[in-house]
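work-v4.txt follows (compact mmCIF, C-alpha atoms and all ligand atoms):
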```
# COMPACT_ATOMS: atom_id res chain seq x y z
CA MET M 1 -57.44 20.24 -10.60
CA PRO M 2 -60.51 22.39 -10.12
CA PRO M 3 -63.81 20.88 -11.18
CA ASP M 4 -65.04 21.81 -14.67
CA GLY M 5 -66.25 25.36 -14.90
CA VAL M 6 -64.45 26.52 -11.78
CA PRO M 7 -61.67 28.87 -12.85
CA LEU M 8 -59.69 28.91 -9.67
CA ASP M 9 -59.34 26.58 -6.76
CA PHE M 10 -57.74 28.01 -3.63
CA ARG M 11 -56.82 25.75 -0.77
CA ILE M 12 -55.40 26.93 2.52
CA GLU M 13 -53.33 24.05 3.85
CA THR M 14 -51.73 25.50 6.99
CA THR M 15 -52.07 28.64 9.04
CA SER M 16 -49.65 30.16 11.54
CA GLY M 17 -51.00 33.19 13.34
CA LYS M 18 -52.59 35.26 10.58
CA ALA M 19 -50.30 33.78 7.90
CA ARG M 20 -51.64 31.16 5.51
CA ALA M 21 -49.81 28.65 3.32
CA GLY M 22 -51.79 27.11 0.53
CA ARG M 23 -52.21 26.39 -3.12
CA LEU M 24 -53.80 28.34 -5.93
CA ILE M 25 -54.79 26.09 -8.80
CA THR M 26 -55.11 28.08 -12.01
CA PRO M 27 -55.89 26.80 -15.52
CA HIS M 28 -52.17 26.69 -16.38
CA ALA M 29 -50.35 25.91 -13.15
CA GLU M 30 -50.49 25.27 -9.47
CA VAL M 31 -49.10 28.14 -7.46
CA GLU M 32 -47.90 27.75 -3.89
CA THR M 33 -48.93 30.65 -1.68
CA PRO M 34 -47.95 33.07 -0.29
CA VAL M 35 -46.36 33.88 -3.64
CA PHE M 36 -44.27 36.67 -5.09
CA MET M 37 -45.05 37.41 -8.74
CA PRO M 38 -42.21 38.83 -10.89
CA VAL M 39 -43.43 41.64 -13.15
CA GLY M 40 -43.25 41.01 -16.91
CA THR M 41 -44.56 44.32 -18.15
CA LEU M 42 -44.42 43.78 -21.93
CA GLY M 43 -44.57 40.01 -22.09
CA SER M 44 -41.03 39.83 -20.73
CA VAL M 45 -39.60 39.89 -17.24
CA LYS M 46 -36.87 42.32 -18.18
CA ALA M 47 -33.45 40.72 -18.82
CA ILE M 48 -34.60 37.17 -17.96
CA PRO M 49 -35.41 34.40 -20.44
CA GLN M 50 -38.46 32.31 -19.65
CA ASP M 51 -36.47 29.09 -19.10
CA THR M 52 -34.39 30.85 -16.44
CA LEU M 53 -37.57 32.06 -14.75
CA GLU M 54 -38.75 28.45 -14.64
CA GLU M 55 -35.40 27.39 -13.18
CA LEU M 56 -35.71 30.06 -10.48
CA GLY M 57 -39.07 28.59 -9.54
CA ALA M 58 -41.37 31.42 -10.64
CA GLN M 59 -44.85 29.88 -10.69
CA ILE M 60 -46.80 32.93 -11.78
CA ILE M 61 -45.78 36.18 -13.45
CA LEU M 62 -47.59 39.45 -14.08
CA GLY M 63 -48.28 41.23 -17.37
CA ASN M 64 -49.40 44.85 -17.80
CA THR M 65 -52.53 45.28 -19.91
CA TYR M 66 -51.89 48.98 -20.62
CA HIS M 67 -48.45 48.30 -22.10
CA LEU M 68 -49.49 45.19 -24.06
CA TYR M 69 -52.60 46.96 -25.38
CA LEU M 70 -50.38 49.69 -26.83
CA ARG M 71 -47.66 47.31 -28.00
CA PRO M 72 -47.95 44.81 -29.70
CA GLY M 73 -51.73 45.15 -29.36
CA VAL M 74 -54.26 42.73 -27.86
CA GLU M 75 -55.33 41.24 -31.21
CA THR M 76 -51.76 40.18 -32.03
CA VAL M 77 -51.36 38.48 -28.66
CA ARG M 78 -54.78 36.83 -28.94
CA ARG M 79 -53.94 35.39 -32.37
CA MET M 80 -50.72 33.96 -30.94
CA GLY M 81 -52.72 31.96 -28.40
CA GLY M 82 -52.77 34.62 -25.71
CA LEU M 83 -49.80 35.65 -23.58
CA HIS M 84 -48.95 32.03 -22.71
CA GLY M 85 -48.48 31.10 -26.36
CA PHE M 86 -47.00 34.42 -27.43
CA MET M 87 -44.27 34.56 -24.80
CA SER M 88 -43.91 30.79 -24.47
CA TRP M 89 -44.69 30.73 -20.76
CA PRO M 90 -46.35 27.52 -19.58
CA ARG M 91 -47.10 28.52 -16.01
CA ALA M 92 -49.63 30.96 -14.56
CA ILE M 93 -50.04 34.62 -15.56
CA LEU M 94 -51.94 37.50 -13.97
CA THR M 95 -52.69 40.71 -15.86
CA ASP M 96 -53.61 44.01 -14.23
CA SER M 97 -56.52 46.00 -15.64
CA GLY M 98 -54.44 48.84 -17.04
CA GLY M 99 -55.99 51.26 -14.58
CA PHE M 100 -52.82 51.94 -12.63
CA GLN M 101 -50.78 52.86 -15.72
CA VAL M 102 -53.59 54.92 -17.23
CA PHE M 103 -53.59 56.99 -14.07
CA SER M 104 -49.88 57.06 -13.31
CA LEU M 105 -48.47 57.58 -16.83
CA ASN M 106 -51.04 60.05 -18.12
CA GLU M 107 -51.32 63.53 -16.72
CA LEU M 108 -53.89 64.55 -19.34
CA ARG M 109 -56.38 61.75 -18.68
CA LYS M 110 -60.08 62.53 -18.49
CA VAL M 111 -62.33 60.43 -16.24
CA THR M 112 -66.09 60.14 -16.72
CA GLU M 113 -68.66 57.66 -15.43
CA GLU M 114 -68.22 55.75 -18.68
CA GLY M 115 -64.43 55.39 -18.54
CA VAL M 116 -61.08 57.09 -19.00
CA THR M 117 -59.68 58.91 -22.02
CA PHE M 118 -55.90 58.94 -22.05
CA ARG M 119 -52.98 59.55 -24.35
CA SER M 120 -50.41 56.89 -25.15
CA HIS M 121 -47.07 57.60 -23.49
CA LEU M 122 -45.48 56.21 -26.69
CA ASP M 123 -46.91 58.40 -29.45
CA GLY M 124 -49.52 60.66 -27.85
CA SER M 125 -52.42 58.90 -29.59
CA SER M 126 -55.78 59.08 -27.81
CA HIS M 127 -57.41 55.99 -26.27
CA PHE M 128 -60.50 55.22 -24.21
CA PHE M 129 -60.64 52.51 -21.53
CA THR M 130 -63.90 51.41 -19.93
CA PRO M 131 -64.48 48.53 -17.52
CA GLU M 132 -65.84 46.61 -20.52
CA SER M 133 -62.89 47.34 -22.82
CA ALA M 134 -60.38 46.56 -20.04
CA MET M 135 -62.09 43.17 -19.63
CA GLU M 136 -62.15 42.60 -23.39
CA ALA M 137 -58.40 43.34 -23.54
CA GLN M 138 -57.61 41.03 -20.63
CA ILE M 139 -59.74 38.21 -22.03
CA GLY M 140 -57.82 38.59 -25.32
CA LEU M 141 -54.47 38.50 -23.50
CA GLY M 142 -55.65 35.31 -21.80
CA ALA M 143 -53.96 35.44 -18.39
CA ASP M 144 -55.14 32.95 -15.78
CA ILE M 145 -56.14 35.72 -13.39
CA ILE M 146 -57.43 39.12 -14.51
CA MET M 147 -58.34 42.26 -12.60
CA ALA M 148 -61.43 44.48 -12.47
CA PHE M 149 -60.96 48.02 -13.83
CA ASP M 150 -60.49 50.51 -11.01
CA GLU M 151 -59.74 54.17 -10.58
CA CYS M 152 -56.42 54.90 -8.88
CA THR M 153 -56.26 58.24 -7.11
CA GLU M 154 -53.24 60.37 -6.47
CA PHE M 155 -51.72 60.60 -2.98
CA PRO M 156 -52.40 62.54 -0.83
CA VAL M 157 -56.06 63.12 -1.66
CA ASP M 158 -58.97 64.62 0.31
CA ARG M 159 -61.66 62.37 1.72
CA GLU M 160 -64.47 63.62 -0.50
CA ARG M 161 -62.48 62.87 -3.65
CA MET M 162 -61.43 59.50 -2.22
CA ARG M 163 -65.05 58.55 -1.46
CA ALA M 164 -66.19 59.50 -4.97
CA SER M 165 -63.34 57.48 -6.44
CA MET M 166 -64.07 54.45 -4.24
CA GLU M 167 -67.72 54.56 -5.32
CA LEU M 168 -66.77 54.86 -8.99
CA THR M 169 -64.45 51.86 -8.56
CA ALA M 170 -67.36 49.87 -7.06
CA ARG M 171 -69.62 50.70 -10.01
CA TRP M 172 -66.82 49.84 -12.44
CA ALA M 173 -66.25 46.55 -10.57
CA ALA M 174 -69.90 45.57 -11.16
CA ARG M 175 -69.59 46.44 -14.87
CA SER M 176 -66.30 44.50 -15.10
CA LYS M 177 -67.96 41.44 -13.59
CA ALA M 178 -71.02 41.67 -15.86
CA TYR M 179 -68.90 41.92 -19.01
CA PHE M 180 -66.63 39.11 -17.84
CA GLU M 181 -69.54 36.75 -17.18
CA ASP M 182 -70.92 37.37 -20.68
CA HIS M 183 -67.59 36.99 -22.48
CA LYS M 184 -65.34 34.72 -20.41
CA HIS M 185 -65.57 31.85 -22.90
CA GLU M 186 -63.83 33.99 -25.52
CA VAL M 187 -60.42 33.47 -23.86
CA PRO M 188 -57.91 32.19 -26.51
CA TRP M 189 -57.37 28.88 -24.70
CA ALA M 190 -60.97 28.29 -23.55
CA GLY M 191 -61.44 24.61 -22.89
CA ASN M 192 -57.81 23.87 -23.63
CA ALA M 193 -55.85 24.85 -20.56
CA HIS M 194 -54.33 22.32 -18.29
CA VAL M 195 -52.38 22.12 -15.10
CA GLY M 196 -48.75 21.13 -14.84
CA THR M 197 -45.38 22.71 -15.36
CA ASP M 198 -45.00 20.89 -18.64
CA ALA M 199 -48.24 22.30 -19.87
CA PHE M 200 -47.95 24.61 -22.81
CA VAL M 201 -50.53 26.36 -24.89
CA ARG M 202 -50.01 27.48 -28.45
CA PRO M 203 -52.24 28.27 -31.38
CA ALA M 204 -53.22 25.42 -33.62
CA GLY M 205 -50.69 24.90 -36.38
CA GLN M 206 -47.83 26.68 -34.69
CA SER M 207 -44.83 24.45 -34.22
CA SER M 208 -43.71 23.69 -30.72
CA THR M 209 -40.64 25.46 -29.45
CA PHE M 210 -40.41 22.77 -26.81
CA ALA M 211 -40.93 19.76 -29.03
CA ASP M 212 -37.26 19.47 -29.87
CA ASP M 213 -36.12 19.99 -26.32
CA PRO M 214 -34.81 16.66 -25.03
CA ASN M 215 -35.19 17.83 -21.44
CA ARG M 216 -38.95 18.08 -21.81
CA ASN M 217 -41.13 15.15 -20.85
CA ALA M 218 -43.44 13.57 -23.33
CA GLY M 219 -47.11 14.20 -23.00
CA LYS M 220 -47.39 17.79 -24.14
CA ALA M 221 -50.43 18.66 -26.12
CA GLU M 222 -51.23 21.26 -28.72
CA VAL M 223 -54.14 23.61 -28.62
CA GLY M 224 -56.73 21.91 -30.71
CA SER M 225 -56.22 18.63 -28.88
CA SER M 226 -59.57 17.56 -27.62
CA ARG M 227 -60.73 16.33 -24.28
CA LYS M 228 -61.27 13.00 -26.04
CA GLU M 229 -57.57 12.75 -26.82
CA ALA M 230 -56.72 13.54 -23.22
CA ALA M 231 -59.16 10.88 -22.07
CA GLU M 232 -57.47 8.41 -24.42
CA LEU M 233 -54.08 9.25 -22.93
CA ARG M 234 -55.49 8.70 -19.48
CA SER M 235 -57.22 5.45 -20.39
CA ALA M 236 -53.94 4.25 -21.90
CA GLY M 237 -52.50 4.47 -18.42
CA ARG M 238 -50.41 7.57 -19.10
CA THR M 239 -51.81 9.43 -16.17
CA ASN M 240 -48.58 10.76 -14.74
CA ALA M 241 -48.29 14.45 -13.98
CA SER M 242 -46.89 15.34 -17.37
CA VAL M 243 -50.04 14.26 -19.16
CA PRO M 244 -52.42 17.20 -19.27
CA THR M 245 -55.91 16.90 -17.94
CA TRP M 246 -58.33 18.98 -19.96
CA ALA M 247 -61.19 20.93 -18.57
CA GLU M 248 -63.62 23.58 -19.61
CA GLN M 249 -61.86 26.45 -17.97
CA THR M 250 -62.00 30.18 -17.95
CA GLN M 251 -60.00 32.96 -16.41
CA ALA M 252 -60.59 34.06 -12.81
CA LEU M 253 -61.58 37.67 -12.15
CA PHE M 254 -60.39 39.47 -9.02
CA GLY M 255 -61.98 42.60 -7.53
CA ILE M 256 -59.89 45.49 -6.17
CA VAL M 257 -60.47 47.23 -2.85
CA GLN M 258 -59.70 50.96 -2.92
CA GLY M 259 -60.41 53.71 -0.38
CA GLY M 260 -57.07 55.45 0.05
CA MET M 261 -55.66 55.73 3.55
CA ASP M 262 -59.11 55.82 5.19
CA ARG M 263 -59.98 52.69 7.15
CA ASP M 264 -63.74 53.27 6.93
CA LEU M 265 -63.66 53.81 3.18
CA ARG M 266 -61.51 50.69 2.82
CA ARG M 267 -64.07 48.70 4.83
CA GLU M 268 -66.94 50.00 2.72
CA SER M 269 -65.01 49.30 -0.48
CA ALA M 270 -64.27 45.75 0.71
CA LEU M 271 -67.91 45.05 1.55
CA ARG M 272 -69.18 46.45 -1.77
CA THR M 273 -66.60 44.49 -3.75
CA ILE M 274 -67.39 41.25 -1.89
CA GLU M 275 -71.10 41.81 -2.53
CA ILE M 276 -70.44 41.82 -6.29
CA GLY M 277 -68.54 38.55 -5.84
CA PHE M 278 -65.09 37.72 -7.22
CA SER M 279 -62.72 34.73 -7.24
CA GLY M 280 -60.18 36.73 -5.23
CA TYR M 281 -59.66 40.17 -3.74
CA ALA M 282 -56.85 42.65 -4.23
CA ILE M 283 -55.85 45.63 -2.13
CA GLY M 284 -54.96 48.44 -4.52
CA GLY M 285 -53.91 52.05 -4.15
CA LEU M 286 -51.10 51.47 -1.65
CA SER M 287 -47.33 52.01 -1.90
CA VAL M 288 -48.10 55.33 -3.59
CA GLY M 289 -45.79 57.44 -1.43
CA GLU M 290 -47.43 57.05 1.98
CA PRO M 291 -45.30 56.18 5.04
CA ARG M 292 -44.75 52.47 5.45
CA GLU M 293 -46.44 52.27 8.88
CA LEU M 294 -49.60 53.63 7.26
CA THR M 295 -49.41 51.02 4.46
CA ARG M 296 -49.18 48.30 7.07
CA GLU M 297 -52.07 49.69 9.09
CA ILE M 298 -54.35 49.91 6.04
CA VAL M 299 -53.36 46.43 4.84
CA GLU M 300 -54.00 44.94 8.27
CA SER M 301 -57.39 46.59 8.71
CA THR M 302 -58.52 45.84 5.14
CA LEU M 303 -57.57 42.15 5.43
CA GLU M 304 -60.01 41.81 8.32
CA HIS M 305 -62.89 42.49 5.94
CA LEU M 306 -61.84 40.07 3.19
CA PRO M 307 -63.22 36.51 3.05
CA ALA M 308 -60.79 34.02 4.58
CA ASP M 309 -61.40 31.39 1.92
CA LYS M 310 -60.44 33.56 -1.09
CA PRO M 311 -56.94 34.58 -2.25
CA ARG M 312 -55.83 38.03 -1.13
CA TYR M 313 -53.52 39.99 -3.39
CA LEU M 314 -51.60 43.06 -2.23
CA MET M 315 -50.68 45.02 -5.35
CA GLY M 316 -47.30 46.64 -5.92
CA VAL M 317 -45.26 45.79 -2.80
CA GLY M 318 -42.51 45.68 -1.71
CA THR M 319 -39.01 45.23 -0.27
CA PRO M 320 -37.88 41.75 0.85
CA GLU M 321 -38.69 42.56 4.47
CA GLU M 322 -42.11 43.94 3.47
CA ILE M 323 -43.15 40.85 1.53
CA VAL M 324 -42.29 38.76 4.62
CA GLU M 325 -44.25 41.16 6.83
CA TYR M 326 -47.36 41.12 4.61
CA ALA M 327 -47.27 37.33 4.25
CA ASN M 328 -47.26 37.23 8.06
CA LEU M 329 -50.39 39.39 8.05
CA GLY M 330 -52.22 36.92 5.79
CA VAL M 331 -51.56 38.24 2.27
CA ASP M 332 -51.36 35.41 -0.30
CA MET M 333 -50.07 37.16 -3.43
CA MET M 334 -47.74 40.11 -4.07
CA ASP M 335 -46.00 41.69 -7.05
CA CYS M 336 -43.44 44.44 -7.40
CA VAL M 337 -41.04 45.81 -10.00
CA LEU M 338 -38.48 46.44 -7.24
CA PRO M 339 -36.27 43.33 -7.58
CA THR M 340 -36.00 43.64 -11.38
CA ARG M 341 -35.79 47.43 -11.57
CA ALA M 342 -33.29 47.72 -8.71
CA ALA M 343 -31.16 44.99 -10.32
CA ARG M 344 -30.85 47.03 -13.50
CA HIS M 345 -29.61 49.91 -11.38
CA GLY M 346 -27.02 47.78 -9.62
CA LEU M 347 -28.94 47.53 -6.34
CA LEU M 348 -28.89 43.98 -5.05
CA PHE M 349 -30.78 42.39 -2.17
CA THR M 350 -28.83 39.88 -0.12
CA SER M 351 -29.16 37.98 3.15
CA GLU M 352 -26.72 40.51 4.61
CA GLY M 353 -28.58 43.61 3.45
CA LYS M 354 -28.53 45.77 0.33
CA VAL M 355 -25.45 45.85 -1.88
CA SER M 356 -24.82 48.69 -4.33
CA ILE M 357 -22.53 46.79 -6.67
CA LYS M 358 -21.23 49.94 -8.38
CA GLN M 359 -19.20 50.90 -5.33
CA ALA M 360 -15.40 50.93 -5.69
CA ARG M 361 -15.07 48.87 -2.49
CA TYR M 362 -16.11 45.77 -4.49
CA ALA M 363 -13.51 46.28 -7.25
CA GLN M 364 -11.24 43.54 -5.90
CA ASP M 365 -13.75 41.59 -3.81
CA GLN M 366 -13.35 37.91 -4.66
CA GLY M 367 -16.30 36.77 -2.57
CA PRO M 368 -19.75 35.85 -3.90
CA LEU M 369 -22.45 38.50 -3.99
CA ASP M 370 -24.35 36.67 -1.22
CA PRO M 371 -22.57 33.81 0.59
CA ASN M 372 -25.97 32.45 1.69
CA CYS M 373 -27.51 32.44 -1.80
CA GLY M 374 -27.41 29.31 -3.99
CA CYS M 375 -28.37 31.05 -7.23
CA ARG M 376 -26.28 30.47 -10.33
CA VAL M 377 -24.82 33.99 -10.09
CA CYS M 378 -23.64 33.63 -6.51
CA ARG M 379 -22.27 30.15 -7.21
CA ARG M 380 -20.18 31.30 -10.14
CA TYR M 381 -19.16 34.97 -10.07
CA SER M 382 -17.31 37.31 -7.73
CA ARG M 383 -18.47 40.71 -6.53
CA ALA M 384 -15.46 42.16 -8.37
CA TYR M 385 -16.68 40.73 -11.69
CA LEU M 386 -20.27 41.88 -11.14
CA ARG M 387 -18.97 45.34 -10.25
CA HIS M 388 -16.84 45.39 -13.41
CA LEU M 389 -19.80 44.37 -15.62
CA TYR M 390 -21.98 47.07 -14.10
CA ALA M 391 -19.31 49.78 -14.32
CA SER M 392 -18.68 48.83 -17.98
CA ASN M 393 -22.40 48.97 -18.78
CA GLU M 394 -22.35 45.38 -20.04
CA VAL M 395 -25.74 43.83 -20.88
CA LEU M 396 -24.71 40.80 -18.82
CA ALA M 397 -24.74 42.96 -15.68
CA GLN M 398 -28.49 43.45 -16.03
CA VAL M 399 -29.05 39.75 -16.67
CA LEU M 400 -26.96 38.47 -13.75
CA ASN M 401 -28.18 41.13 -11.30
CA THR M 402 -31.80 40.37 -12.16
CA ILE M 403 -31.29 36.61 -11.80
CA HIS M 404 -29.89 37.09 -8.31
CA ASN M 405 -32.53 39.57 -7.13
CA LEU M 406 -35.45 37.47 -8.37
CA SER M 407 -33.84 34.37 -6.93
CA PHE M 408 -33.53 36.16 -3.58
CA TYR M 409 -37.20 37.21 -3.61
CA LEU M 410 -38.46 33.79 -4.67
CA ASP M 411 -36.25 32.06 -2.08
CA THR M 412 -37.53 34.46 0.55
CA MET M 413 -41.12 33.47 -0.20
CA ARG M 414 -40.12 29.80 -0.25
CA ARG M 415 -38.72 30.25 3.26
CA VAL M 416 -41.85 32.09 4.36
CA ARG M 417 -44.01 29.18 3.16
CA HIS M 418 -41.72 26.73 4.95
CA SER M 419 -41.92 28.73 8.19
CA ILE M 420 -45.71 28.86 8.03
CA ARG M 421 -45.84 25.12 7.51
CA LEU M 422 -43.60 24.65 10.56
CA GLY M 423 -45.85 26.97 12.54
CA GLU M 424 -43.09 29.50 13.03
CA GLU M 425 -43.15 33.26 12.85
CA CYS M 426 -41.17 34.08 9.70
CA GLY M 427 -39.08 36.97 10.93
CA PHE M 428 -35.77 35.93 9.43
CA LEU M 429 -35.17 39.10 7.43
CA SER M 430 -36.24 41.70 9.96
CA SER M 431 -33.01 41.49 11.92
CA VAL M 432 -30.95 41.89 8.75
CA TRP M 433 -32.92 44.64 7.15
CA SER M 434 -33.43 46.80 10.21
CA ARG M 435 -29.69 47.12 10.60
CA PRO M 436 -28.13 50.29 9.27
CA LYS M 437 -26.82 50.03 5.72
CA PRO M 438 -23.27 48.63 5.47
ZN ZN N 1 -27.60 34.86 -5.67
```

As structure tokens:
Amino acid sequence: MPPDGVPLDFRIETTSGKARAGRLITPHAEVETPVFMPVGTLGSVKAIPQDTLEELGAQIILGNTYHLYLRPGVETVRRMGGLHGFMSWPRAILTDSGGFQVFSLNELRKVTEEGVTFRSHLDGSSHFFTPESAMEAQIGLGADIIMAFDECTEFPVDRERMRASMELTARWAARSKAYFEDHKHEVPWAGNAHVGTDAFVRPAGQSSTFADDPNRNAGKAEVGSSRKEAAELRSAGRTNASVPTWAEQTQALFGIVQGGMDRDLRRESALRTIEIGFSGYAIGGLSVGEPRELTREIVESTLEHLPADKPRYLMGVGTPEEIVEYANLGVDMMDCVLPTRAARHGLLFTSEGKVSIKQARYAQDQGPLDPNCGCRVCRRYSRAYLRHLYASNEVLAQVLNTIHNLSFYLDTMRRVRHSIRLGEECGFLSSVWSRPKP
């Protein structure tokens, strides 16, 4: 539990080479690092119910501010107790600033010093994001970790444009921080968050969706419960892990390092972002179409400039072998739509390589999708059945494929953490994934 007023406690417990294994303690949950964060764009990790995500061991998920701002709107989410209450997710959440979607989904955007004007990809309506409004939106959404507003450039881009963009991002980072410091106590759960997987936050007066669940431990508390009540629970001896401990807590704000594929600009961006001061640092603007060796080189050189005692978040990567590789380089947090998006297209990641389940060769294959996977899909269904569901366009195909892929990613990170704790190089996927496709 972080001390009162400290939004985020990050503890590195073991290192192995450049890799670090530790613990990120957010207002809603403890997160073991390095961690992979499933993407829940619109308050939903597509095709997966929240209880299944919990069962798979997801400790933190990501929400997209741009999408939630457009639909259902920040005010609706805020009134429902923030994203945690709205989507009934008791563990940690990170929201992005909306910058990436503003720049990637809007060809007609207009950027000025003040902010970005863009058109909704849904109905063409015009909107204006500034560092201040992106912070206001993210405070309303109420994730545990929120991101500074940055400009994302196209790739490839010339150095002059990249420098101007990096400098704009630095000025926007300072404005993001200033707004956040003035408004951080406006978060929907301010003063009411607590750590623990049984923690749950909902608006006062709203009935508990968990209250009738016999599998849930006692000791849950509603928003509106006071620190006094928590103290009474503790003094009554009910101090086990399921009893929440209250604290005056706020969100944690991360800065984003930009600078394209230029090592010097990346270094300068890192130094300027660190000077402003954030609870953690992200590397943005990668995985935008550049060759993978270049991504690795930029990640490796940028990491050298980031403070060792703060969490490091590499945005938008990657394949299973890449998340292992970046964890080995000392990255603590990663997110990617790949496991969920690929699953919906019938592309499955297994310990034996990629499987395109639509192929006719699986039509009568009685074996499990991945003989080395213990997920509920691999334990129960055959490749033939999964192939049939996909070929028939059954909704269940998307559900089962996503469960397996997320399970595979989360298990991969679990193994990475285990390897780091044993002091081993975690190279267990490289031999599988460098083999030619079956
Ligand atoms: Zn599986």

Check: Thr76 (chain M): which residues within 10 Å, counting only C-alpha atoms, same-chain residues fewer than 6 positions away excluded, as a PyMOL selection string?
Finding: chain M and resi 68-69+82-83+86+140-141

Next item on the list: Could you jot down the CA of Arg296 (chain M) to CA of Asp332 (chain M) separation for me, Å, one decimal place?
Entry: 15.0 Å

Next item on the list: Considering all atoms listed in the file, return as a PyMOL selection string whatever protein or nucleic-acid residues lie within 10 Å of Val299 (chain M), sequence-local ones (same chain, fewer than 2 positions apart) excluded.
Entry: chain M and resi 261+263+266+283-284+286+293-297+301-304+314+326+329-331

Checklist line | Between CA of Ala173 (chain M) and CA of Ile256 (chain M), distance in Å (one decimal) | finding: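 It comes out at 7.8 Å.
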
Check: Please, which residues have at least one atom within 9 Å of an atom of ligand ZN 1 (chain N), using only C-alpha atoms and all ligand atoms, listed as a list in words?
Finding: Phe349, Thr350, Pro368, Leu369, Asp370, Pro371, Asn372, Cys373, Gly374, Cys375, Arg376, Val377, Cys378, Arg379, Leu400, Asn401, Ile403, His404, Asn405, Leu406, Ser407 and Phe408 of chain M

Margin query: Can you tell me which residues surround Gly99 (chain M) at a distance of at most 9 Å, considering all atoms listed in the file, apart from same-chain residues fewer than 4 positions away, and format the answer as an MDAnalysis selection string?
Written below: chainID M and resid 65:66 103:104 116 129 134 148:152

Checklist line | Minimum-distance residue to Val395 (chain M), chosen among M:His345, M:Leu70, M:Gln364, M:Pro90 (using all atoms listed in the file) | finding: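 Of M:His345, M:Leu70, M:Gln364, M:Pro90, the one nearest Val395 (chain M) is M:His345, counting all atoms listed in the file.
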
Note to self: Nearest residue to Val324 (chain M) out of M:Met413, M:Val288, M:Cys336, M:Ile420, using all atoms listed in the file?
What the structure shows: M:Met413

Next item on the list: Point out the residue among M:Gly259, M:Gly17, M:Gly57, M:Pro339 with the least atom-to-atom distance to Ile298 (chain M), counting only C-alpha atoms.
Entry: M:Gly259

Note to self: Taking (-13.3, 40.3, -1.9) as a centre in this file's frame and 12 Å as the limit, can you find every polymer residue with an atom that close, using all atoms listed in the file, and give them as JSON, numbers by chain?
What the structure shows: {"M": [360, 361, 362, 363, 364, 365, 366, 367, 368, 369, 370, 371, 381, 382, 383, 384, 385, 386, 387]}
